[in-house]
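> Structure: input_21.txt, compact mmCIF, C-alpha atoms.
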# COMPACT_ATOMS: atom_id res chain seq x y z
CA MET A 1 72.14 103.52 22.04
CA GLU A 2 74.89 103.55 24.66
CA LYS A 3 78.51 103.17 23.57
CA GLN A 4 80.53 100.41 25.21
CA PRO A 5 84.05 101.48 26.21
CA TYR A 6 86.87 99.30 24.97
CA SER A 7 90.56 99.04 25.72
CA LEU A 8 93.38 97.60 23.67
CA HIS A 9 95.50 94.89 25.26
CA ASN A 10 98.60 93.36 23.71
CA ASN A 11 100.92 90.39 23.95
CA ILE A 12 104.00 92.21 22.69
CA ARG A 13 106.19 91.49 25.71
CA LEU A 14 105.13 87.85 25.92
CA ILE A 15 105.80 87.19 22.23
CA ARG A 16 108.93 89.38 22.09
CA ARG A 17 110.58 87.60 25.01
CA GLY A 18 109.28 84.14 24.17
CA LYS A 19 108.82 83.21 20.53
CA ALA A 20 110.84 86.05 19.01
CA ASP A 21 113.57 86.38 21.70
CA ILE A 22 114.33 89.98 20.76
CA THR A 23 115.12 93.00 22.94
CA GLN A 24 112.97 96.12 23.09
CA GLU A 25 115.81 98.04 21.45
CA LYS A 26 116.13 95.63 18.50
CA LEU A 27 112.36 95.52 18.00
CA ALA A 28 112.22 99.31 18.05
CA ASP A 29 115.03 99.55 15.49
CA LYS A 30 113.30 97.08 13.17
CA VAL A 31 109.89 98.79 13.31
CA GLY A 32 111.18 102.37 13.23
CA CYS A 33 110.34 103.70 16.67
CA THR A 34 112.09 104.21 20.00
CA ARG A 35 112.68 101.70 22.77
CA GLN A 36 110.57 103.95 24.98
CA THR A 37 107.63 103.52 22.60
CA ILE A 38 107.94 99.72 22.80
CA ALA A 39 108.12 99.96 26.62
CA ALA A 40 104.99 102.16 26.70
CA LEU A 41 103.16 99.73 24.41
CA GLU A 42 104.08 96.78 26.62
CA LYS A 43 102.88 98.64 29.71
CA GLY A 44 99.59 99.44 28.00
CA VAL A 45 99.97 103.20 28.36
CA TYR A 46 100.21 103.87 24.61
CA ASN A 47 98.16 102.56 21.69
CA PRO A 48 100.05 102.17 18.41
CA SER A 49 99.01 103.43 15.02
CA LEU A 50 97.74 100.73 12.70
CA VAL A 51 100.96 100.94 10.67
CA LEU A 52 103.15 100.48 13.75
CA ALA A 53 100.98 97.60 14.98
CA MET A 54 101.32 95.88 11.59
CA ARG A 55 105.11 96.41 11.55
CA ILE A 56 105.44 94.90 15.03
CA ALA A 57 103.34 91.89 14.04
CA LYS A 58 105.46 91.39 10.91
CA VAL A 59 108.78 91.59 12.78
CA LEU A 60 107.54 89.23 15.51
CA GLN A 61 106.16 86.91 12.79
CA VAL A 62 102.65 86.71 14.23
CA GLU A 63 99.21 87.69 13.02
CA ILE A 64 98.06 91.07 14.28
CA VAL A 65 95.02 89.44 15.95
CA ASP A 66 97.41 87.31 18.03
CA LEU A 67 99.29 90.41 19.12
CA PHE A 68 96.43 92.78 19.97
CA LYS A 69 93.05 92.20 21.63
CA LEU A 70 90.18 94.66 21.94
CA GLN A 71 88.47 94.10 25.28
CA LYS A 72 85.31 95.58 26.70
CA THR A 73 85.84 97.52 29.92
CA ASN A 74 83.28 97.66 32.71
Starting from the file, lay out its structure as structure tokens.

Amino acid sequence: MEKQPYSLHNNIRLIRRGKADITQEKLADKVGCTRQTIAALEKGVYNPSLVLAMRIAKVLQVEIVDLFKLQKTN
């Protein structure tokens, strides 16, 4: 059976700037990471640990499934 590759996409920037109206720096402070980590997450070059993903969802007051999407790559 052949494995299907997947990639993780997120809506952090969209939710952070829209609904939550919070800066990268403030979000980073609240979840216990650096602003650079939040920037890398938003750019899609870094995948968070489950704990960090859950902290971000909690701070942004959204469900984790609304924040992160697993998508099949071609």
> Residues near Val45 of chain A, anyone? I mean within 12 Å using all atoms listed in the file, not counting same-chain ones fewer than 4 positions away, as a PyMOL selection string.
chain A and resi 7-10+36-41
> Could you name the residues that touch segment 51-59 of chain A at 12 Å or less, counting only C-alpha atoms, but leaving out those on the same chain fewer than 2 positions away, as a PyMOL selection string?
chain A and resi 8-13+15-16+19-22+24+26-34+37-38+41-42+46-49+61-69
> Which residue, A:Thr73, A:Lys3, A:Glu25, A:Leu14, has the smallest gap to Lys43 of chain A when you use only C-alpha atoms?
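Answer, going by the shortest atom-to-atom distance: A:Leu14.
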> Using the file's own x, y and z axes, so that the box edges lie along x, y and z, what centre and edge lengths in Å (one decimal) does a box around every listed atom of segment 39-53 of chain A get when 6 Å is added on each side? Give it as lines of an AutoDock Vina configuration file.

center_x = 102.9
center_y = 100.3
center_z = 20.2
size_x = 22.4
size_y = 19.1
size_z = 31.0
> Complete the atoms of segment 16-38 of chain A to N, CA and C atoms and put them out as a PDB file, in the coordinates of the input.

ATOM      1  N   ARG A  16     107.564  88.871  22.302  1.00  0.00           N
ATOM      2  CA  ARG A  16     108.930  89.380  22.090  1.00  0.00           C
ATOM      3  C   ARG A  16     109.948  88.591  22.893  1.00  0.00           C
ATOM      4  N   ARG A  17     109.621  88.305  24.146  1.00  0.00           N
ATOM      5  CA  ARG A  17     110.580  87.600  25.010  1.00  0.00           C
ATOM      6  C   ARG A  17     110.535  86.092  24.809  1.00  0.00           C
ATOM      7  N   GLY A  18     109.424  85.576  24.346  1.00  0.00           N
ATOM      8  CA  GLY A  18     109.280  84.140  24.170  1.00  0.00           C
ATOM      9  C   GLY A  18     109.642  83.683  22.771  1.00  0.00           C
ATOM     10  N   LYS A  19     108.671  83.711  21.899  1.00  0.00           N
ATOM     11  CA  LYS A  19     108.820  83.210  20.530  1.00  0.00           C
ATOM     12  C   LYS A  19     109.924  83.946  19.758  1.00  0.00           C
ATOM     13  N   ALA A  20     109.914  85.267  19.824  1.00  0.00           N
ATOM     14  CA  ALA A  20     110.840  86.050  19.010  1.00  0.00           C
ATOM     15  C   ALA A  20     112.212  86.214  19.636  1.00  0.00           C
ATOM     16  N   ASP A  21     112.313  86.204  20.968  1.00  0.00           N
ATOM     17  CA  ASP A  21     113.570  86.380  21.700  1.00  0.00           C
ATOM     18  C   ASP A  21     114.362  87.573  21.163  1.00  0.00           C
ATOM     19  N   ILE A  22     113.741  88.744  21.266  1.00  0.00           N
ATOM     20  CA  ILE A  22     114.330  89.980  20.760  1.00  0.00           C
ATOM     21  C   ILE A  22     114.203  91.048  21.850  1.00  0.00           C
ATOM     22  N   THR A  23     115.164  91.943  21.931  1.00  0.00           N
ATOM     23  CA  THR A  23     115.120  93.000  22.940  1.00  0.00           C
ATOM     24  C   THR A  23     114.171  94.116  22.480  1.00  0.00           C
ATOM     25  N   GLN A  24     113.779  94.951  23.435  1.00  0.00           N
ATOM     26  CA  GLN A  24     112.970  96.120  23.090  1.00  0.00           C
ATOM     27  C   GLN A  24     113.715  96.997  22.099  1.00  0.00           C
ATOM     28  N   GLU A  25     114.998  97.179  22.317  1.00  0.00           N
ATOM     29  CA  GLU A  25     115.810  98.040  21.450  1.00  0.00           C
ATOM     30  C   GLU A  25     115.846  97.506  20.015  1.00  0.00           C
ATOM     31  N   LYS A  26     116.073  96.207  19.853  1.00  0.00           N
ATOM     32  CA  LYS A  26     116.130  95.630  18.500  1.00  0.00           C
ATOM     33  C   LYS A  26     114.772  95.690  17.813  1.00  0.00           C
ATOM     34  N   LEU A  27     113.704  95.427  18.573  1.00  0.00           N
ATOM     35  CA  LEU A  27     112.360  95.520  18.000  1.00  0.00           C
ATOM     36  C   LEU A  27     112.086  96.946  17.549  1.00  0.00           C
ATOM     37  N   ALA A  28     112.428  97.901  18.390  1.00  0.00           N
ATOM     38  CA  ALA A  28     112.220  99.310  18.050  1.00  0.00           C
ATOM     39  C   ALA A  28     112.976  99.694  16.782  1.00  0.00           C
ATOM     40  N   ASP A  29     114.230  99.267  16.685  1.00  0.00           N
ATOM     41  CA  ASP A  29     115.030  99.550  15.490  1.00  0.00           C
ATOM     42  C   ASP A  29     114.384  98.977  14.238  1.00  0.00           C
ATOM     43  N   LYS A  30     113.878  97.760  14.336  1.00  0.00           N
ATOM     44  CA  LYS A  30     113.300  97.080  13.170  1.00  0.00           C
ATOM     45  C   LYS A  30     111.967  97.674  12.727  1.00  0.00           C
ATOM     46  N   VAL A  31     111.203  98.233  13.677  1.00  0.00           N
ATOM     47  CA  VAL A  31     109.890  98.790  13.310  1.00  0.00           C
ATOM     48  C   VAL A  31     109.914 100.302  13.135  1.00  0.00           C
ATOM     49  N   GLY A  32     111.042 100.937  13.453  1.00  0.00           N
ATOM     50  CA  GLY A  32     111.180 102.370  13.230  1.00  0.00           C
ATOM     51  C   GLY A  32     110.597 103.258  14.309  1.00  0.00           C
ATOM     52  N   CYS A  33     110.771 102.855  15.557  1.00  0.00           N
ATOM     53  CA  CYS A  33     110.340 103.700  16.670  1.00  0.00           C
ATOM     54  C   CYS A  33     111.402 103.640  17.759  1.00  0.00           C
ATOM     55  N   THR A  34     111.123 104.221  18.907  1.00  0.00           N
ATOM     56  CA  THR A  34     112.090 104.210  20.000  1.00  0.00           C
ATOM     57  C   THR A  34     111.837 103.051  20.962  1.00  0.00           C
ATOM     58  N   ARG A  35     112.845 102.733  21.744  1.00  0.00           N
ATOM     59  CA  ARG A  35     112.680 101.700  22.770  1.00  0.00           C
ATOM     60  C   ARG A  35     111.620 102.130  23.773  1.00  0.00           C
ATOM     61  N   GLN A  36     111.552 103.430  24.045  1.00  0.00           N
ATOM     62  CA  GLN A  36     110.570 103.950  24.980  1.00  0.00           C
ATOM     63  C   GLN A  36     109.143 103.717  24.481  1.00  0.00           C
ATOM     64  N   THR A  37     108.955 103.793  23.178  1.00  0.00           N
ATOM     65  CA  THR A  37     107.630 103.520  22.600  1.00  0.00           C
ATOM     66  C   THR A  37     107.260 102.057  22.811  1.00  0.00           C
ATOM     67  N   ILE A  38     108.202 101.148  22.587  1.00  0.00           N
ATOM     68  CA  ILE A  38     107.940  99.720  22.800  1.00  0.00           C
ATOM     69  C   ILE A  38     107.618  99.478  24.278  1.00  0.00           C
TER      70      ILE A  38
END
